[in-house]
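Right, one structure below, let's go through it.
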Amino acid sequence: MQINPLSDVLGAEVVGIDVGNLEDETFDKIHAAFLEHHVLVFRDQELPPERQVGFAQRFGELDVHIQKDNKHSGHEAMQILSTKKVDGKYVGSPSAGDAWHSDLSYTDIPTLCTMLYAVEIPEVGGDTEWSNMYQAYETLSEETKEKLEGLHARHTFNRFRNPRVEVPEIYKEIGKERYADIAPPDAVHPLVRTHPETGRKALYLSERFTIGIEELGEEEGQALMDELIAHQKQRDFIYRHKWNLHDLTIWDNRCLIHLACGGVPEGQIRHMHRVIVRGDKPF
Ligand code: SIN
């Protein structure tokens with residue numbers, strides 16, 4: 001097995017292994033690399049759904065996403081993200097992840113890691129970006145770090161309550177009320193979280209899910225969020241992944257935010273299988 005860093009800021013590719021068939025000792029090395037690099041890319045994996053699910057379960061208990069429409073028919077915990085249409089209807093979500101976020105931060109127990117597998121890739125577009133929230137926190141001024149101490153942010157799934165994101169046509173069709181029905185109650189988390197395994201501090205907010213800061217008034221809270229959101233999207237913190245067919249990526253939502261970059265031309269297919277592993281309550 002070889003582990004090759006993909007950028008100075010985050011990410012490493014792992015070559016020479018089959019994730020569906022790993023000794024415990026090799027898994028321990030992969031787990032250590034995951035904590036060190038935050039995103040791992042496994043090349044050339046042959047992964048029918050049950051093998052992807054099996055590998056994900058080595059990291060922890062799988063979670064079932066609240067958006068049930070895009071579930072894989074044979075695996076409740078697997079979601080399909082896809083630009084493919086059958087009889088005029090998308091077979092999976094075509095727009096999941098289209099604004100910067102950390103998975104399930106709008107729930108009390110957000111995601112530990114996400115695993116995304118490229119079943120089909122387009123010729124153009126469909127990249128994914130991750131931004132390193134350890135670095136985002138560590139590069140703040142001492143004055144800002146002090147200001148953030150003890151602050152908590154409110155996260156919601158409901159796009160209609162977040163002026164920073166667009167509401168795609170498919171959700172406008174569903175309607176504000178039905179969309180609100182599938183959203184769980186808001187979650188409130190520390191604005192700076194401590195990674196439970198590394199002990200490092202990471203900035204914990206995102207454009208997609210964070211709508212306010214509990215301890216501050218609306219104007220002051222939104223101004224601080226604007227500042228932090230601009231800071232966390234700096235190119236210096238970001239790695240952009242151009243997918244190869246049968247890449248499997250896994251990333252640590254406790255210290256990263258990520259973005260599905262889109263840009264897949266009409267008629268080209270990006271078809272991915274996603275599973276998420278349940279984390280613990282941010283502190
Ligand atoms: C996600 O946000 O989980 C999806 C990312 C992607 O499809 O690139």
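In the structure tokens, chains take letters A, B, ... by order of appearance, with residues numbered from 1 within each chain and ligands from 1 in the order shown.
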key: Residues within 7 Å of ligand 1, counting only C-alpha atoms and all ligand atoms, as a list in words   = Leu81, Ala96, Gly97, Asp98, Asp103, Thr114, Gly126, Asp127, Thr128, His258, Leu259, Ala260 and Cys261 of chain A
Selection above as a file: N, CA and C atoms, as a short mmCIF file (atom, residue, chain, number, x, y, z; two decimals), in the first residue's frame:
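Written file, result-v7.cif:
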```cif
data_model
loop_
_atom_site.label_atom_id
_atom_site.label_comp_id
_atom_site.auth_asym_id
_atom_site.auth_seq_id
_atom_site.Cartn_x
_atom_site.Cartn_y
_atom_site.Cartn_z
N LEU A 81 -26.43 9.77 -5.85
CA LEU A 81 -26.33 11.13 -6.37
C LEU A 81 -26.13 10.97 -7.87
N ALA A 96 -27.13 17.41 -4.80
CA ALA A 96 -26.69 17.29 -3.39
C ALA A 96 -25.31 17.90 -3.22
N GLY A 97 -25.14 18.66 -2.17
CA GLY A 97 -23.81 19.20 -1.85
C GLY A 97 -23.42 20.42 -2.66
N ASP A 98 -24.41 21.15 -3.21
CA ASP A 98 -24.07 22.26 -4.11
C ASP A 98 -23.71 23.56 -3.40
N ASP A 103 -21.38 17.39 6.55
CA ASP A 103 -22.58 16.56 6.49
C ASP A 103 -23.32 16.44 7.83
N THR A 114 -17.85 10.59 5.41
CA THR A 114 -18.68 10.29 4.24
C THR A 114 -17.84 9.52 3.26
N GLY A 126 -18.22 18.06 -12.40
CA GLY A 126 -18.48 17.06 -11.36
C GLY A 126 -17.37 16.93 -10.33
N ASP A 127 -16.46 17.91 -10.27
CA ASP A 127 -15.38 17.84 -9.26
C ASP A 127 -15.96 18.04 -7.85
N THR A 128 -15.14 17.67 -6.86
CA THR A 128 -15.49 17.92 -5.46
C THR A 128 -14.35 18.71 -4.82
N HIS A 258 -17.14 20.74 2.55
CA HIS A 258 -16.95 20.30 1.17
C HIS A 258 -18.04 20.83 0.26
N LEU A 259 -17.78 20.72 -1.05
CA LEU A 259 -18.65 21.30 -2.06
C LEU A 259 -18.67 20.40 -3.30
N ALA A 260 -19.87 20.10 -3.79
CA ALA A 260 -20.00 19.45 -5.11
C ALA A 260 -19.98 20.58 -6.13
N CYS A 261 -18.95 20.62 -6.98
CA CYS A 261 -18.73 21.81 -7.83
C CYS A 261 -19.70 21.91 -9.01
#
```
query = Can you list, as a list in words, every protein, DNA or RNA residue that comes within 9 Å of stretch 24-38 of chain A when you count only C-alpha atoms, leaving out same-chain residues fewer than 3 positions away?
reply = Met1, Ile3, Pro5, Val9, Leu10, Gly11, Ala12, Val14, Val19, Arg58, Phe59, Asn132, Glu197, Thr198, Ile250, Trp251, Asp252, Asn253, Cys255 and Leu256 of chain A
ask   = If you measure from atom CA of A:Glu50 to atom CA of A:Val91, what distance in Å do you get, rounded to one decimal?
value =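 According to the coordinates, atom CA of A:Glu50 and atom CA of A:Val91 are separated by 19.3 Å.
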task = Could you tell me which of A:Ile66, A:Leu22, A:Ala118, A:Ile17 comes closest to A:Tyr179 if we count only C-alpha atoms?
result = A:Ile66
key: Spatial neighbours of A:Glu207, max dist 10 Å, only C-alpha atoms, sep filter under 5 positions, as a PyMOL selection string   = chain A and resi 99-102+155+162-165+225-226+228-230+232-233+257
message = So that I can check the surroundings of A:Tyr106, please list as a ChimeraX atom specification every protein, DNA and RNA residue that reaches within 10 Å of it, counting only C-alpha atoms and ignoring chain neighbours fewer than 5 positions away.
response = /A:154-158,183-189,208-210
Residues within 12 Å of A:Lys172, only C-alpha atoms, excluding chain neighbours under 6 positions, as a PDB file with C-alpha atoms, in the first residue's frame:
```pdb
ATOM      1  CA  ASN A 158     -34.287  24.070   5.531  1.00  0.00           C
ATOM      2  CA  ARG A 159     -32.992  26.074   2.546  1.00  0.00           C
ATOM      3  CA  PHE A 160     -36.029  28.362   2.657  1.00  0.00           C
ATOM      4  CA  GLU A 166     -30.480  29.055  -3.477  1.00  0.00           C
ATOM      5  CA  ARG A 178     -43.436  19.929   2.663  1.00  0.00           C
ATOM      6  CA  TYR A 179     -39.737  20.756   2.562  1.00  0.00           C
ATOM      7  CA  ALA A 180     -39.960  22.081   6.125  1.00  0.00           C
TER       8      ALA A 180
END
```
request  = Write out as a list in words each polymer residue whose atoms come within 6 Å of stretch 264-271 of chain A, counting only C-alpha atoms; drop sequence neighbours fewer than 3 positions from it.
outcome  =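 Within the cut-off, the hits are Leu81, Ser82, Thr83, Lys84, Val119, Glu120, Ile121, Pro122, Val124, Gly125 and Gly126 of chain A.
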request  = Using DSSP on the backbone coordinates, identify the residues of stretch 64-118 of chain A assigned to strand (DSSP E); present them as number ranges by chain.
outcome  = A: 71-72, 75-82, 85-86, 89-90, 111-118
Please produce an output containing C-alpha atoms for each residue in the selection, written as a compact mmCIF listing (two decimals), in the first residue's frame.
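Below is the file again23.txt, written as the result:
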```
# COMPACT_ATOMS: atom_id res chain seq x y z
CA LYS A 71 -32.09 5.81 -1.36
CA HIS A 72 -30.50 2.84 -3.12
CA HIS A 75 -29.38 -0.63 0.81
CA GLU A 76 -31.22 1.77 3.09
CA ALA A 77 -28.03 3.51 4.18
CA MET A 78 -26.83 4.18 0.62
CA GLN A 79 -27.84 7.26 -1.33
CA ILE A 80 -27.60 7.82 -5.05
CA LEU A 81 -26.33 11.13 -6.37
CA SER A 82 -26.91 11.22 -10.10
CA LYS A 85 -32.72 10.35 -15.83
CA VAL A 86 -35.09 7.46 -16.49
CA LYS A 89 -36.99 11.59 -13.71
CA TYR A 90 -33.62 11.76 -11.95
CA THR A 111 -21.58 12.71 10.37
CA LEU A 112 -18.14 11.38 11.23
CA CYS A 113 -17.12 10.49 7.68
CA THR A 114 -18.68 10.29 4.24
CA MET A 115 -17.77 7.77 1.57
CA LEU A 116 -18.46 8.59 -2.06
CA TYR A 117 -17.87 6.11 -4.90
CA ALA A 118 -17.72 7.05 -8.58
```
task = Return the single residue from A:Glu169, A:Glu149, A:Asp44, A:Glu219 that is closest to A:Thr249, with distances computed using only C-alpha atoms.
result =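 Counting only C-alpha atoms, the residue closest to A:Thr249 is A:Asp44.
Across A:Asn21, A:Gln2, A:Ser73, A:Ser141, the tightest approach to A:Phe55 is made by A:Asn21 when counting only C-alpha atoms.
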key: Top pick for closest residue to A:Gln52, considering A:Asp18, A:Glu146, A:Asp8, A:Glu227 and counting only C-alpha atoms   = A:Asp18
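The coordinates place atom CA of A:Thr194 at 20.4 Å from atom CA of A:Ile238.
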